[in-house]
Amino acid sequence: MKTTSKWITIFILLLSVGLAGCSGEDSNKKVIGISLQNFSDEFRTYIIDAMQEEQKKHPDIEFVYADAQNDSSTQKGDIENFVARGVDAIIFTPVDTVAAMDIVHMVNEADIPLIILNQTFDGADKAAAYVGSESIESGILQMEEVAKLLNGKGNIAIMDGTLGHEAQIKRTEGNMQIIKEHPDMKVVKQGSANWSRPEGMELMENWMQSSKIDAVVANNDEMAIGAIMALESEGKLKDTVVAGIDATPAALDMMQEGKLKVTVFQDAAGQGKASIETAVKAANGEEVEDAIIPYQLVTPENVDEFAAKYE
């Protein structure tokens with residue numbers, strides 16, 4: 001889907017949230033509440049697209065979306081509203097993995113099935129199910145390929161996502177597992193760019209002033225793209241391996257241009273589809289279980305295959 005249509009999708013979702021409860025919907029329908037960390041992150045828009053497509057198969061169920069806008073108090077309020085309304089299931093991508101446990105307890109006390117989507121956390125096993133990938137796997141796949149490209153030696157800079165996020169913790173943990181297996185690879189810089197392209201660019205600009213860096217390994221593609229922009233502006237990109245995670249369209253374009261060397265495909269569509277399938281089962285009183293969607297390594301050799309998924 002093109003960028004313009006994605007913003008239209010987001011606008012429609014925001015409008016639907018504003019109108020929920022006053023549109024005269026059929027009160028006999030089952031209701032599934034969906035609280036997402038945000039609607040604006042590129043990866044999340046692909047999850048939303050898949051959710052919307054899958055929900056078309058269930059016209060007997062009302063789906064109500066809430067955008068937490070990266071604010072944990074907003075998210076808690078949205079879920080309190082779902083609980084007060086007595087929805088039949090809730091899909092939830094946490095803003096804050098610490099505050100998430102309060103939400104799990106609240107929803108469990110209301111005896112509403114809770115489906116955790118995309119980001120897991122300690123205590124998530126208390127929910128009805130988790131739908132997503134195992135973040136540590138992506139960090140391992142990513143750093144294994146970087147080690148291969150560097151022949152097992154070199155100076156590594158790790159660009160973390162927002163500190164404390166499950167994906168940041170586990171992706172970096174996976175990176176470190178592989179680095180420990182290569183005594184000639186050393187982490188010389190590490191810092192957070194909060195999943196952001198501009199912050200990734202700024203962080204890379206600072207790092208270049210003080211250290212020789214052979215590879216930049218970012219927890220997501222947006223930060224990796226920021227690093228590429230900074231390296232390119234200084235004429236240093238050709239001497240630096242840059243790796244990301246998520247395999248977003250923008251990252252795949254960068255790889256096809258020879259700028260990004262490694263990314264890891266996280267199946268946004270698969271997660272979105274499976275979350276609706278799982279929540280519908282739960283809302284209908286069926287037993288549900290975790291749905292683990294595997295990561296896949298993306299390199300210049302197979303990039304066209306993954307780019308085709310977005311066409």
# chains A, B, ... in the order shown; residues from 1 in each chain; ligands from 1

call {"tool": "closest_atom_pairs", "arguments": {"of": "segment 104-164 of chain A", "to": "segment 223-242 of chain A", "cutoff": "8 Å", "atoms": "only C-alpha atoms", "output": "CSV"}}
result
residue,atom,partner,partner_atom,distance
A:Val146,CA,A:Val241,CA,7.3
A:Leu149,CA,A:Val241,CA,7.9
A:Met159,CA,A:Met223,CA,7.2

call {"tool": "residues_around", "arguments": {"residues": "Pro94 of chain A", "least_positions_apart": "2", "cutoff": "7 Å", "atoms": "only C-alpha atoms", "output": "ChimeraX atom specification"}}
result
/A:36-37,92,96-97,100,119

call {"tool": "closest_residue", "arguments": {"among": "A:Gly86, A:Lys186, A:Phe43, A:Gln75", "to": "Asp221 of chain A", "atoms": "only C-alpha atoms"}}
result
A:Phe43

call {"tool": "select_by_dssp", "arguments": {"residues": "segment 42-109 of chain A", "states": "strand (DSSP E)", "output": "list of chain:residue names"}}
result
A:Ile61, A:Glu62, A:Phe63, A:Val64, A:Tyr65, A:Ala66, A:Asp67, A:Ala89, A:Ile90, A:Ile91, A:Phe92

call {"tool": "closest_residue", "arguments": {"among": "A:Met176, A:Val104, A:Leu252, A:Val87", "to": "Val64 of chain A", "atoms": "only C-alpha atoms"}}
result
A:Val87
